[in-house]
Structures are given as C-alpha cells and as structure tokens.
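Asker: If you scroll down you'll find the structure; I have some questions about it.
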Amino acid sequence: MKKILITAAFVLVSMVSGQAQVVTPQASPKAVIEQKVGLTDVKIEYSRPSARGRAVYGELVPFGRMWRTGANANTIITFSSDVVIAGKPLKAGQYALFTQPKADSWDVIFYADTNNWGLPEKYDDKKEVLRASVKPEFLSRPVETLTIGVNGLDNDFAFLEIAWEKTMVALKFEVPTRQTAMKSIETAMSGPSANDLFSAAQYYYQSNGDMNKALAWMNQALAKFPANEAPFYFLRQKSLIQAKMGDKKGAIETAKLSLAASEKAGNADYVKMNKDSINEWSRK
C-alpha cells in the first residue's frame, strides 16, 4: 500500500511539473513596425534592448565593429517595392539590418541573409546588398530603449531612424510613388481592358442581365484587337449574346468567325461548339 501511495504521489508531482510554465518578460522585447511611405509598405521587426545605466556607444556597442542593430535574432527590414538609398537601388524584399557605428559616422548595411542569431558566423561580402554612410546626431534627451522607426514621411521618401542613448542616425530612402501612381493613372484613364469588358459581358450573359449592354461591351472588347486577330472565345461569347437577343443571322456570322479562329488555334472544343451552334441557329 505504501509503495502504491509513493508511486501515485510521484505521478502527481510529474503531472504538475509537466504543466507548470515559468513566464517572465523578455530582457529585449520584440517589436514590429509597419509604415506605408507613399505607396510602399515598410516593415521592421527587431528586439529592443535597454541601456539600464550602461554606456552604449563606444562601450556596450564598440565603435568600428559590426553591430546586429538590436538584440537576439536579426533585425529585419522589408520593402514592398524597389527603393533608392544614398543614390543606390535596393530591390524589394527582406534584409537583415546591420550597422557599424563610429564616433563621427555610421555605416548602415542591408544584408541578404536574415536567418542569423545576431551577426553571421561567417560574414559573406556577396550577401551585403547595400551599404550607406550617415552622420550621427546628438540627442539632448536620452532614449532608454533602442528605437527603430520610419519618420519624416513624404510621398516620395522617408527616413529610417535608429535612436538609443543620446545618439540617432537618420537614413533617407526614396520610394517609387510617382512611377507607380502614373502607371496606375495611365491604366485607369485608358479605360477597361479587353478582358475586363469580356468578363463583364460574360457575366451579364450568364446572369440574364441587359443583353444590349453585354453586346456593347463585347463590341468594345473586340475593337481592341487588330483585324482578324480577335480571340475565338471572345467571338464565341458575342455569338451567344446575339443568339440570346434573337439575332440568329448575326450570331451565325459571328460564330463562323469564331470557328475559323478556333480552327486556326487548333482548339477542337470550340470548333465543335461553333459548328453545333451554327447548325442549331440555322434550323430556326
């Protein structure tokens, strides 16, 4: 009996210890910053150490040495579009953010490999995508906890800011807002594409909408193609709309064009569908 009680007690202690979890705050908590600059999304993920009475630059972070720019895993910055930094292009994507602080200037480094705990064990110069130099600024009020952000927002640029203790660096980066916006405007102002018009007409046909509108959209879509180069499925859709409107003669003429185009394209399914429709509409 005593042996059974001891065994039961051991199992109970094991269960309790297995369920127990010690929860404590991180010394350098993780932060995620998301900011839209113009039309570009910028995301920064980093861990934030605090000074806690320590001298930071020149001691905790030695001058002239590469720094992970944070704590724990890599600080990662992501750009949704290509940007320009210090006159150099940086492709859209994810980068580890390293720095090399010095008393009179900092190097800010964008590194292709983001899967490091701190600095890479072996630094690969080929993975250093971009390096830019920036002058540090002295802060009148100390920043206790490392703070990285995106500020000085403009439609075409912003500043990547790194602030800790009494030092801040602000690196300007440019975003392609004008190019993206102009392309969007030109596309919108040129009107709907042939595929947009086809999809709208197809939906109206399938949902028993206004066939006059559907036919008008199909005619607009077909007008966007050079003569004799309209896709067979566009022509097929127009013939179906014409037939639904009761214009069998027009439907047959269009179906013949679709038949010729589908034969040229080698699409046997559309060849058969067009022949079947021409036969059906010819009987009525």
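Ligands are numbered from 1 in the order shown, residues from 1 within each chain, and chains are lettered A, B, ... in the order they appear in the structure tokens.
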Output as a PyMOL selection string all residues of region 18-233 of chain A that backbone DSSP marks as strand (DSSP E or B).

Answerer: chain A and resi 30-37+40-47+50+57+61+67+73+76-79+83-85+88-90+93-101+106-111+117+128-134+137-151+157-174

Asker: Any idea what's packed within 7 Å of Arg131 (chain A), counting only C-alpha atoms, ignoring anything in its chain fewer than 6 positions away? Could you give it as a PyMOL selection string?

Answerer: chain A and resi 107-110

Asker: Using only C-alpha atoms, which of the listed residues (A:Ala194, A:Val42, A:Met273, A:Ala214) sits closest to Ala158 (chain A)?

Answerer: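 Ranked by minimum distance to Ala158 (chain A), first place goes to A:Val42.
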
Asker: Could you tell me how far CA of Asn212 (chain A) lies from CA of Gly250 (chain A), in Å and to one decimal?

Answerer: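 Straight-line distance from CA of Asn212 (chain A) to CA of Gly250 (chain A) works out to 13.9 Å.
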
Asker: Quick one: everything within 10 Å of Arg65 (chain A), counting only C-alpha atoms, minus sequence neighbours fewer than 6 positions away in the same chain. Send it as a PyMOL selection string.

Answerer: chain A and resi 58+99-102

Asker: Those same residues, written as a PDB file, in the first residue's frame with all heavy atoms?

Answerer:
ATOM      1  N   GLY A  58      30.466  53.005 -27.964  1.00  0.00           N
ATOM      2  CA  GLY A  58      31.859  53.095 -27.537  1.00  0.00           C
ATOM      3  C   GLY A  58      32.202  52.078 -26.466  1.00  0.00           C
ATOM      4  O   GLY A  58      33.374  51.776 -26.244  1.00  0.00           O
ATOM      5  N   THR A  99      24.648  47.515 -38.639  1.00  0.00           N
ATOM      6  CA  THR A  99      25.273  48.838 -38.629  1.00  0.00           C
ATOM      7  C   THR A  99      26.707  48.718 -38.118  1.00  0.00           C
ATOM      8  O   THR A  99      27.064  47.757 -37.443  1.00  0.00           O
ATOM      9  CB  THR A  99      24.490  49.825 -37.738  1.00  0.00           C
ATOM     10  OG1 THR A  99      24.224  49.218 -36.464  1.00  0.00           O
ATOM     11  CG2 THR A  99      23.173  50.239 -38.374  1.00  0.00           C
ATOM     12  N   GLN A 100      27.488  49.728 -38.444  1.00  0.00           N
ATOM     13  CA  GLN A 100      28.854  49.824 -37.945  1.00  0.00           C
ATOM     14  C   GLN A 100      29.029  51.235 -37.387  1.00  0.00           C
ATOM     15  O   GLN A 100      29.408  52.155 -38.106  1.00  0.00           O
ATOM     16  CB  GLN A 100      29.862  49.540 -39.060  1.00  0.00           C
ATOM     17  CG  GLN A 100      31.282  49.334 -38.572  1.00  0.00           C
ATOM     18  CD  GLN A 100      32.190  48.825 -39.672  1.00  0.00           C
ATOM     19  OE1 GLN A 100      31.835  48.815 -40.851  1.00  0.00           O
ATOM     20  NE2 GLN A 100      33.375  48.397 -39.306  1.00  0.00           N
ATOM     21  N   PRO A 101      28.706  51.412 -36.102  1.00  0.00           N
ATOM     22  CA  PRO A 101      28.778  52.760 -35.519  1.00  0.00           C
ATOM     23  C   PRO A 101      30.217  53.221 -35.330  1.00  0.00           C
ATOM     24  O   PRO A 101      31.090  52.447 -34.929  1.00  0.00           O
ATOM     25  CB  PRO A 101      28.083  52.595 -34.164  1.00  0.00           C
ATOM     26  CG  PRO A 101      27.367  51.279 -34.239  1.00  0.00           C
ATOM     27  CD  PRO A 101      28.178  50.435 -35.168  1.00  0.00           C
ATOM     28  N   LYS A 102      30.436  54.489 -35.620  1.00  0.00           N
ATOM     29  CA  LYS A 102      31.714  55.153 -35.343  1.00  0.00           C
ATOM     30  C   LYS A 102      31.388  56.505 -34.714  1.00  0.00           C
ATOM     31  O   LYS A 102      30.248  56.959 -34.771  1.00  0.00           O
ATOM     32  CB  LYS A 102      32.531  55.312 -36.631  1.00  0.00           C
ATOM     33  CG  LYS A 102      33.085  53.982 -37.170  1.00  0.00           C
ATOM     34  CD  LYS A 102      33.651  54.129 -38.565  1.00  0.00           C
ATOM     35  CE  LYS A 102      32.570  53.885 -39.589  1.00  0.00           C
ATOM     36  NZ  LYS A 102      33.054  53.830 -40.965  1.00  0.00           N
TER      37      LYS A 102
END

Asker: Give the answer as one residue: which of A:Asp104, A:Asp156, A:Asp113, A:Glu59 has the shortest atom-to-atom distance to Thr40 (chain A), using only C-alpha atoms?

Answerer: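 Using only C-alpha atoms, Thr40 (chain A) sits closest to A:Asp156.
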
Asker: Tell me which protein, DNA and RNA residues are within 10 Å of Ser258 (chain A), counting only C-alpha atoms, leaving out same-chain ones fewer than 4 positions away, and put them as a ChimeraX atom specification.

Answerer: /A:230-239,252-254,262-264,270-271,273-275

Asker: Next, the residues of the selection above should be written as an mmCIF file, in the first residue's frame with N, CA, C and O atoms.

Answerer:
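Full text of result.cif as output:
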data_model
loop_
_atom_site.group_PDB
_atom_site.id
_atom_site.type_symbol
_atom_site.label_atom_id
_atom_site.label_comp_id
_atom_site.auth_asym_id
_atom_site.auth_seq_id
_atom_site.Cartn_x
_atom_site.Cartn_y
_atom_site.Cartn_z
ATOM 1 N N ALA A 230 -8.943 38.737 -83.309
ATOM 2 C CA ALA A 230 -9.749 38.609 -82.089
ATOM 3 C C ALA A 230 -9.741 37.159 -81.612
ATOM 4 O O ALA A 230 -9.816 36.237 -82.421
ATOM 5 N N PRO A 231 -9.649 36.916 -80.310
ATOM 6 C CA PRO A 231 -9.639 35.540 -79.787
ATOM 7 C C PRO A 231 -10.949 34.826 -80.107
ATOM 8 O O PRO A 231 -12.026 35.432 -80.084
ATOM 9 N N PHE A 232 -10.846 33.547 -80.411
ATOM 10 C CA PHE A 232 -12.035 32.762 -80.786
ATOM 11 C C PHE A 232 -13.077 32.740 -79.671
ATOM 12 O O PHE A 232 -14.280 32.704 -79.932
ATOM 13 N N TYR A 233 -12.611 32.756 -78.390
ATOM 14 C CA TYR A 233 -13.585 32.695 -77.292
ATOM 15 C C TYR A 233 -14.300 34.026 -77.096
ATOM 16 O O TYR A 233 -15.427 34.062 -76.599
ATOM 17 N N PHE A 234 -13.664 35.140 -77.488
ATOM 18 C CA PHE A 234 -14.357 36.431 -77.475
ATOM 19 C C PHE A 234 -15.485 36.399 -78.512
ATOM 20 O O PHE A 234 -16.622 36.803 -78.242
ATOM 21 N N LEU A 235 -15.141 35.939 -79.709
ATOM 22 C CA LEU A 235 -16.138 35.874 -80.787
ATOM 23 C C LEU A 235 -17.266 34.913 -80.424
ATOM 24 O O LEU A 235 -18.444 35.178 -80.711
ATOM 25 N N ARG A 236 -16.918 33.816 -79.802
ATOM 26 C CA ARG A 236 -17.924 32.840 -79.357
ATOM 27 C C ARG A 236 -18.911 33.488 -78.385
ATOM 28 O O ARG A 236 -20.136 33.320 -78.507
ATOM 29 N N GLN A 237 -18.384 34.268 -77.450
ATOM 30 C CA GLN A 237 -19.253 34.914 -76.463
ATOM 31 C C GLN A 237 -20.187 35.919 -77.140
ATOM 32 O O GLN A 237 -21.379 36.010 -76.808
ATOM 33 N N LYS A 238 -19.665 36.650 -78.134
ATOM 34 C CA LYS A 238 -20.526 37.605 -78.838
ATOM 35 C C LYS A 238 -21.651 36.873 -79.575
ATOM 36 O O LYS A 238 -22.812 37.316 -79.561
ATOM 37 N N SER A 239 -21.327 35.741 -80.212
ATOM 38 C CA SER A 239 -22.365 34.993 -80.953
ATOM 39 C C SER A 239 -23.456 34.498 -80.014
ATOM 40 O O SER A 239 -24.652 34.509 -80.369
ATOM 41 N N ILE A 252 -24.857 33.654 -86.322
ATOM 42 C CA ILE A 252 -24.211 32.690 -87.225
ATOM 43 C C ILE A 252 -22.967 33.301 -87.862
ATOM 44 O O ILE A 252 -21.916 32.656 -87.951
ATOM 45 N N GLU A 253 -23.075 34.566 -88.280
ATOM 46 C CA GLU A 253 -21.919 35.233 -88.897
ATOM 47 C C GLU A 253 -20.744 35.313 -87.920
ATOM 48 O O GLU A 253 -19.592 35.045 -88.277
ATOM 49 N N THR A 254 -21.062 35.651 -86.664
ATOM 50 C CA THR A 254 -20.005 35.750 -85.660
ATOM 51 C C THR A 254 -19.449 34.375 -85.301
ATOM 52 O O THR A 254 -18.245 34.204 -85.103
ATOM 53 N N SER A 262 -10.908 29.418 -84.109
ATOM 54 C CA SER A 262 -10.641 28.249 -83.263
ATOM 55 C C SER A 262 -9.954 27.143 -84.061
ATOM 56 O O SER A 262 -9.123 26.405 -83.530
ATOM 57 N N GLU A 263 -10.292 27.034 -85.353
ATOM 58 C CA GLU A 263 -9.581 26.070 -86.216
ATOM 59 C C GLU A 263 -8.119 26.486 -86.359
ATOM 60 O O GLU A 263 -7.220 25.635 -86.297
ATOM 61 N N LYS A 264 -7.886 27.769 -86.531
ATOM 62 C CA LYS A 264 -6.517 28.284 -86.650
ATOM 63 C C LYS A 264 -5.724 28.039 -85.364
ATOM 64 O O LYS A 264 -4.526 27.727 -85.394
ATOM 65 N N TYR A 270 -13.833 24.278 -79.170
ATOM 66 C CA TYR A 270 -14.539 25.447 -79.710
ATOM 67 C C TYR A 270 -14.962 25.215 -81.153
ATOM 68 O O TYR A 270 -15.986 25.752 -81.604
ATOM 69 N N VAL A 271 -14.178 24.438 -81.896
ATOM 70 C CA VAL A 271 -14.586 24.084 -83.266
ATOM 71 C C VAL A 271 -15.934 23.369 -83.222
ATOM 72 O O VAL A 271 -16.872 23.708 -83.958
ATOM 73 N N MET A 273 -18.203 23.307 -80.709
ATOM 74 C CA MET A 273 -19.263 24.157 -80.162
ATOM 75 C C MET A 273 -19.784 25.120 -81.221
ATOM 76 O O MET A 273 -21.005 25.336 -81.347
ATOM 77 N N ASN A 274 -18.879 25.706 -82.002
ATOM 78 C CA ASN A 274 -19.314 26.647 -83.036
ATOM 79 C C ASN A 274 -20.099 25.945 -84.137
ATOM 80 O O ASN A 274 -21.127 26.457 -84.604
ATOM 81 N N LYS A 275 -19.643 24.767 -84.574
ATOM 82 C CA LYS A 275 -20.375 24.016 -85.605
ATOM 83 C C LYS A 275 -21.764 23.633 -85.116
ATOM 84 O O LYS A 275 -22.761 23.762 -85.856
#

Asker: Quick one, how far is CA of Tyr95 (chain A) from CA of Lys166 (chain A)?

Answerer: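 Those two atoms sit 26.2 Å apart.
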
Asker: Skipping near chain neighbours, those fewer than 3 positions away, what residues fall within 9 Å of Gly87 (chain A) using only C-alpha atoms, listed as a ChimeraX atom specification?

Answerer: /A:84,173-174

Asker: Do a neighbour search on Asn72 (chain A) at 7 Å with only C-alpha atoms, toss out local chain neighbours closer than 4 positions, and write the hits as a PDB file with all heavy atoms, in the first residue's frame.

Answerer:
ATOM      1  N   SER A  47      14.335  43.340 -31.892  1.00  0.00           N
ATOM      2  CA  SER A  47      14.265  43.224 -30.433  1.00  0.00           C
ATOM      3  C   SER A  47      14.918  44.446 -29.811  1.00  0.00           C
ATOM      4  O   SER A  47      15.962  44.920 -30.278  1.00  0.00           O
ATOM      5  CB  SER A  47      14.975  41.948 -29.968  1.00  0.00           C
ATOM      6  OG  SER A  47      14.273  40.814 -30.430  1.00  0.00           O
ATOM      7  N   TRP A 117      21.251  34.517 -35.760  1.00  0.00           N
ATOM      8  CA  TRP A 117      21.045  34.985 -34.393  1.00  0.00           C
ATOM      9  C   TRP A 117      22.191  35.945 -34.102  1.00  0.00           C
ATOM     10  O   TRP A 117      23.308  35.555 -33.817  1.00  0.00           O
ATOM     11  CB  TRP A 117      21.047  33.815 -33.410  1.00  0.00           C
ATOM     12  CG  TRP A 117      20.627  34.237 -32.029  1.00  0.00           C
ATOM     13  CD1 TRP A 117      21.449  34.650 -31.012  1.00  0.00           C
ATOM     14  CD2 TRP A 117      19.300  34.319 -31.525  1.00  0.00           C
ATOM     15  NE1 TRP A 117      20.718  34.984 -29.907  1.00  0.00           N
ATOM     16  CE2 TRP A 117      19.385  34.785 -30.187  1.00  0.00           C
ATOM     17  CE3 TRP A 117      18.043  34.044 -32.061  1.00  0.00           C
ATOM     18  CZ2 TRP A 117      18.252  34.979 -29.394  1.00  0.00           C
ATOM     19  CZ3 TRP A 117      16.931  34.248 -31.258  1.00  0.00           C
ATOM     20  CH2 TRP A 117      17.043  34.699 -29.940  1.00  0.00           C
ATOM     21  N   GLY A 118      21.897  37.231 -34.252  1.00  0.00           N
ATOM     22  CA  GLY A 118      22.978  38.208 -34.163  1.00  0.00           C
ATOM     23  C   GLY A 118      23.675  38.312 -35.505  1.00  0.00           C
ATOM     24  O   GLY A 118      23.061  38.244 -36.565  1.00  0.00           O
TER      25      GLY A 118
END

Asker: List every residue of region 63-200 of chain A that DSSP, applied to the backbone of this structure, places in alpha helix (DSSP H), and write the result as a list in words.

Answerer: Thr177, Arg178, Gln179, Thr180, Ala181, Met182, Lys183, Ser184, Ile185, Glu186, Thr187, Ala188, Met189, Ala194, Asn195, Asp196, Leu197, Phe198, Ser199 and Ala200 of chain A

Asker: Kindly save the residues from that selection, with all heavy atoms included, as a compact mmCIF listing (two decimals), in the first residue's frame.

Answerer:
# COMPACT_ATOMS: atom_id res chain seq x y z
N THR A 177 6.92 56.27 -55.70
CA THR A 177 5.49 56.61 -55.68
C THR A 177 5.03 57.20 -57.00
O THR A 177 3.97 56.82 -57.52
CB THR A 177 5.22 57.62 -54.55
OG1 THR A 177 5.68 57.06 -53.32
CG2 THR A 177 3.75 57.95 -54.45
N ARG A 178 5.80 58.12 -57.55
CA ARG A 178 5.37 58.78 -58.79
C ARG A 178 5.22 57.77 -59.93
O ARG A 178 4.22 57.78 -60.64
CB ARG A 178 6.37 59.87 -59.18
CG ARG A 178 6.00 60.58 -60.48
CD ARG A 178 6.92 61.75 -60.79
NE ARG A 178 6.63 62.30 -62.10
CZ ARG A 178 5.62 63.10 -62.38
NH1 ARG A 178 4.77 63.44 -61.41
NH2 ARG A 178 5.43 63.57 -63.60
N GLN A 179 6.23 56.91 -60.09
CA GLN A 179 6.17 55.93 -61.18
C GLN A 179 4.96 55.01 -61.03
O GLN A 179 4.24 54.73 -61.99
CB GLN A 179 7.44 55.09 -61.22
CG GLN A 179 8.71 55.88 -61.45
CD GLN A 179 9.41 56.27 -60.16
OE1 GLN A 179 8.79 56.90 -59.29
NE2 GLN A 179 10.68 55.92 -60.04
N THR A 180 4.73 54.53 -59.78
CA THR A 180 3.61 53.61 -59.54
C THR A 180 2.28 54.31 -59.76
O THR A 180 1.35 53.76 -60.38
CB THR A 180 3.68 53.07 -58.10
OG1 THR A 180 4.96 52.47 -57.88
CG2 THR A 180 2.60 52.04 -57.85
N ALA A 181 2.17 55.55 -59.25
CA ALA A 181 0.91 56.30 -59.39
C ALA A 181 0.62 56.62 -60.85
O ALA A 181 -0.52 56.48 -61.31
CB ALA A 181 0.97 57.57 -58.56
N MET A 182 1.64 57.06 -61.60
CA MET A 182 1.44 57.41 -63.00
C MET A 182 1.03 56.19 -63.82
O MET A 182 0.16 56.28 -64.70
CB MET A 182 2.71 58.04 -63.57
CG MET A 182 3.03 59.42 -63.03
SD MET A 182 1.68 60.61 -63.24
CE MET A 182 1.60 60.72 -65.02
N LYS A 183 1.63 55.06 -63.54
CA LYS A 183 1.25 53.83 -64.25
C LYS A 183 -0.20 53.47 -63.96
O LYS A 183 -0.96 53.08 -64.87
CB LYS A 183 2.17 52.69 -63.83
CG LYS A 183 1.92 51.40 -64.58
CD LYS A 183 2.91 50.32 -64.17
CE LYS A 183 2.64 49.02 -64.93
NZ LYS A 183 3.58 47.94 -64.53
N SER A 184 -0.60 53.61 -62.70
CA SER A 184 -1.98 53.33 -62.31
C SER A 184 -2.95 54.29 -62.99
O SER A 184 -4.01 53.88 -63.49
CB SER A 184 -2.11 53.43 -60.79
OG SER A 184 -3.45 53.31 -60.39
N ILE A 185 -2.58 55.57 -63.02
CA ILE A 185 -3.44 56.58 -63.64
C ILE A 185 -3.59 56.32 -65.14
O ILE A 185 -4.69 56.37 -65.71
CB ILE A 185 -2.88 57.99 -63.39
CG1 ILE A 185 -3.03 58.36 -61.90
CG2 ILE A 185 -3.58 59.03 -64.26
CD1 ILE A 185 -2.27 59.60 -61.49
N GLU A 186 -2.46 56.03 -65.80
CA GLU A 186 -2.50 55.78 -67.24
C GLU A 186 -3.37 54.56 -67.57
O GLU A 186 -4.12 54.57 -68.54
CB GLU A 186 -1.08 55.57 -67.76
CG GLU A 186 -0.27 56.86 -67.80
CD GLU A 186 1.22 56.61 -68.06
OE1 GLU A 186 1.57 55.44 -68.33
OE2 GLU A 186 1.99 57.58 -67.99
N THR A 187 -3.25 53.51 -66.73
CA THR A 187 -4.05 52.31 -66.95
C THR A 187 -5.54 52.61 -66.78
O THR A 187 -6.37 52.20 -67.59
CB THR A 187 -3.63 51.20 -65.97
OG1 THR A 187 -2.26 50.89 -66.19
CG2 THR A 187 -4.47 49.95 -66.18
N ALA A 188 -5.86 53.35 -65.72
CA ALA A 188 -7.27 53.67 -65.44
C ALA A 188 -7.84 54.59 -66.51
O ALA A 188 -8.98 54.40 -66.97
CB ALA A 188 -7.39 54.31 -64.06
N MET A 189 -7.05 55.60 -66.94
CA MET A 189 -7.55 56.57 -67.89
C MET A 189 -7.70 55.99 -69.29
O MET A 189 -8.45 56.50 -70.12
CB MET A 189 -6.62 57.79 -67.93
CG MET A 189 -6.58 58.58 -66.63
SD MET A 189 -8.21 59.15 -66.09
CE MET A 189 -8.53 60.42 -67.31
N ALA A 194 -9.60 44.73 -72.61
CA ALA A 194 -10.45 43.82 -73.37
C ALA A 194 -10.96 42.70 -72.47
O ALA A 194 -12.14 42.30 -72.56
CB ALA A 194 -9.68 43.24 -74.55
N ASN A 195 -10.09 42.21 -71.58
CA ASN A 195 -10.51 41.14 -70.66
C ASN A 195 -11.57 41.62 -69.68
O ASN A 195 -12.48 40.86 -69.33
CB ASN A 195 -9.30 40.59 -69.90
CG ASN A 195 -8.44 39.71 -70.77
OD1 ASN A 195 -8.94 39.06 -71.69
ND2 ASN A 195 -7.15 39.68 -70.51
N ASP A 196 -11.45 42.88 -69.21
CA ASP A 196 -12.47 43.45 -68.31
C ASP A 196 -13.83 43.48 -69.01
O ASP A 196 -14.86 43.10 -68.43
CB ASP A 196 -12.08 44.87 -67.89
CG ASP A 196 -10.87 44.89 -66.96
OD1 ASP A 196 -10.63 43.88 -66.27
OD2 ASP A 196 -10.17 45.92 -66.94
N LEU A 197 -13.82 43.96 -70.24
CA LEU A 197 -15.08 44.07 -71.00
C LEU A 197 -15.67 42.69 -71.28
O LEU A 197 -16.88 42.48 -71.18
CB LEU A 197 -14.81 44.81 -72.31
CG LEU A 197 -14.46 46.30 -72.15
CD1 LEU A 197 -13.79 46.83 -73.41
CD2 LEU A 197 -15.71 47.12 -71.83
N PHE A 198 -14.79 41.73 -71.63
CA PHE A 198 -15.25 40.36 -71.88
C PHE A 198 -15.89 39.77 -70.63
O PHE A 198 -16.97 39.17 -70.70
CB PHE A 198 -14.06 39.51 -72.32
CG PHE A 198 -14.34 38.04 -72.38
CD1 PHE A 198 -15.01 37.49 -73.46
CD2 PHE A 198 -13.96 37.19 -71.35
CE1 PHE A 198 -15.29 36.12 -73.52
CE2 PHE A 198 -14.23 35.83 -71.38
CZ PHE A 198 -14.89 35.30 -72.48
N SER A 199 -15.22 39.95 -69.48
CA SER A 199 -15.74 39.39 -68.23
C SER A 199 -17.10 39.99 -67.87
O SER A 199 -18.01 39.27 -67.41
CB SER A 199 -14.74 39.62 -67.09
OG SER A 199 -13.54 38.92 -67.35
N ALA A 200 -17.23 41.31 -68.06
CA ALA A 200 -18.50 41.97 -67.76
C ALA A 200 -19.62 41.45 -68.67
O ALA A 200 -20.73 41.14 -68.22
CB ALA A 200 -18.35 43.48 -67.92

Asker: Using only C-alpha atoms for the distances, tell me which of A:Trp281, A:Trp106, A:Phe79, A:Tyr203 is nearest to Met66 (chain A).

Answerer: A:Trp106

Asker: Neighbouring residues of Ala27 (chain A) were defined as those with any atom within 12 Å, considering only C-alpha atoms; residues of the same chain fewer than 5 positions away were excluded. Please report them as a PDB file with all heavy atoms, in the first residue's frame.

Answerer:
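Listed below is the output, around08.pdb:
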ATOM      1  N   SER A  47      14.335  43.340 -31.892  1.00  0.00           N
ATOM      2  CA  SER A  47      14.265  43.224 -30.433  1.00  0.00           C
ATOM      3  C   SER A  47      14.918  44.446 -29.811  1.00  0.00           C
ATOM      4  O   SER A  47      15.962  44.920 -30.278  1.00  0.00           O
ATOM      5  CB  SER A  47      14.975  41.948 -29.968  1.00  0.00           C
ATOM      6  OG  SER A  47      14.273  40.814 -30.430  1.00  0.00           O
ATOM      7  N   ARG A  48      14.323  44.955 -28.702  1.00  0.00           N
ATOM      8  CA  ARG A  48      14.685  46.268 -28.169  1.00  0.00           C
ATOM      9  C   ARG A  48      15.405  46.180 -26.820  1.00  0.00           C
ATOM     10  O   ARG A  48      14.760  46.125 -25.760  1.00  0.00           O
ATOM     11  CB  ARG A  48      13.423  47.118 -28.030  1.00  0.00           C
ATOM     12  CG  ARG A  48      12.610  47.242 -29.298  1.00  0.00           C
ATOM     13  CD  ARG A  48      11.417  48.163 -29.090  1.00  0.00           C
ATOM     14  NE  ARG A  48      11.853  49.513 -28.772  1.00  0.00           N
ATOM     15  CZ  ARG A  48      11.048  50.460 -28.278  1.00  0.00           C
ATOM     16  NH1 ARG A  48       9.778  50.177 -28.015  1.00  0.00           N
ATOM     17  NH2 ARG A  48      11.529  51.658 -28.012  1.00  0.00           N
ATOM     18  N   PRO A  49      16.720  46.218 -26.829  1.00  0.00           N
ATOM     19  CA  PRO A  49      17.446  46.257 -25.553  1.00  0.00           C
ATOM     20  C   PRO A  49      17.336  47.644 -24.914  1.00  0.00           C
ATOM     21  O   PRO A  49      17.117  48.642 -25.594  1.00  0.00           O
ATOM     22  CB  PRO A  49      18.886  45.957 -25.965  1.00  0.00           C
ATOM     23  CG  PRO A  49      18.978  46.431 -27.380  1.00  0.00           C
ATOM     24  CD  PRO A  49      17.631  46.186 -27.987  1.00  0.00           C
ATOM     25  N   SER A  50      17.501  47.704 -23.604  1.00  0.00           N
ATOM     26  CA  SER A  50      17.507  48.973 -22.867  1.00  0.00           C
ATOM     27  C   SER A  50      18.892  49.229 -22.307  1.00  0.00           C
ATOM     28  O   SER A  50      19.677  48.294 -22.073  1.00  0.00           O
ATOM     29  CB  SER A  50      16.471  48.942 -21.739  1.00  0.00           C
ATOM     30  OG  SER A  50      15.156  48.842 -22.264  1.00  0.00           O
ATOM     31  N   ALA A  51      19.210  50.493 -22.080  1.00  0.00           N
ATOM     32  CA  ALA A  51      20.547  50.867 -21.599  1.00  0.00           C
ATOM     33  C   ALA A  51      20.764  50.408 -20.154  1.00  0.00           C
ATOM     34  O   ALA A  51      21.820  49.895 -19.796  1.00  0.00           O
ATOM     35  CB  ALA A  51      20.732  52.375 -21.719  1.00  0.00           C
ATOM     36  N   ARG A  52      19.775  50.632 -19.290  1.00  0.00           N
ATOM     37  CA  ARG A  52      19.847  50.233 -17.878  1.00  0.00           C
ATOM     38  C   ARG A  52      21.127  50.727 -17.193  1.00  0.00           C
ATOM     39  O   ARG A  52      21.851  49.992 -16.532  1.00  0.00           O
ATOM     40  CB  ARG A  52      19.734  48.712 -17.738  1.00  0.00           C
ATOM     41  CG  ARG A  52      18.402  48.160 -18.208  1.00  0.00           C
ATOM     42  CD  ARG A  52      18.249  46.688 -17.875  1.00  0.00           C
ATOM     43  NE  ARG A  52      16.931  46.222 -18.276  1.00  0.00           N
ATOM     44  CZ  ARG A  52      16.638  45.724 -19.485  1.00  0.00           C
ATOM     45  NH1 ARG A  52      17.583  45.627 -20.403  1.00  0.00           N
ATOM     46  NH2 ARG A  52      15.408  45.333 -19.772  1.00  0.00           N
ATOM     47  N   GLY A  70      20.309  45.762 -32.580  1.00  0.00           N
ATOM     48  CA  GLY A  70      19.209  45.258 -31.777  1.00  0.00           C
ATOM     49  C   GLY A  70      19.711  44.137 -30.898  1.00  0.00           C
ATOM     50  O   GLY A  70      20.886  44.117 -30.509  1.00  0.00           O
ATOM     51  N   ALA A  71      18.838  43.218 -30.582  1.00  0.00           N
ATOM     52  CA  ALA A  71      19.205  42.066 -29.763  1.00  0.00           C
ATOM     53  C   ALA A  71      18.612  40.811 -30.382  1.00  0.00           C
ATOM     54  O   ALA A  71      17.767  40.872 -31.280  1.00  0.00           O
ATOM     55  CB  ALA A  71      18.683  42.254 -28.333  1.00  0.00           C
ATOM     56  N   ASN A  72      19.110  39.666 -29.901  1.00  0.00           N
ATOM     57  CA  ASN A  72      18.556  38.368 -30.316  1.00  0.00           C
ATOM     58  C   ASN A  72      18.714  38.134 -31.819  1.00  0.00           C
ATOM     59  O   ASN A  72      19.787  38.344 -32.365  1.00  0.00           O
ATOM     60  CB  ASN A  72      17.098  38.251 -29.870  1.00  0.00           C
ATOM     61  CG  ASN A  72      16.923  38.489 -28.378  1.00  0.00           C
ATOM     62  OD1 ASN A  72      17.803  38.141 -27.589  1.00  0.00           O
ATOM     63  ND2 ASN A  72      15.824  39.091 -27.995  1.00  0.00           N
ATOM     64  N   THR A 145      15.486  52.919 -24.397  1.00  0.00           N
ATOM     65  CA  THR A 145      15.325  51.659 -25.115  1.00  0.00           C
ATOM     66  C   THR A 145      15.537  51.888 -26.605  1.00  0.00           C
ATOM     67  O   THR A 145      15.008  52.850 -27.169  1.00  0.00           O
ATOM     68  CB  THR A 145      13.915  51.089 -24.881  1.00  0.00           C
ATOM     69  OG1 THR A 145      13.706  50.931 -23.474  1.00  0.00           O
ATOM     70  CG2 THR A 145      13.738  49.740 -25.554  1.00  0.00           C
TER      71      THR A 145
END

Asker: Which of these, A:Glu128, A:Glu144, A:Asp154, A:Glu137, has the shortest distance to Val169 (chain A) once you count only C-alpha atoms?

Answerer: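 Closest to Val169 (chain A) of all the choices is A:Glu137.
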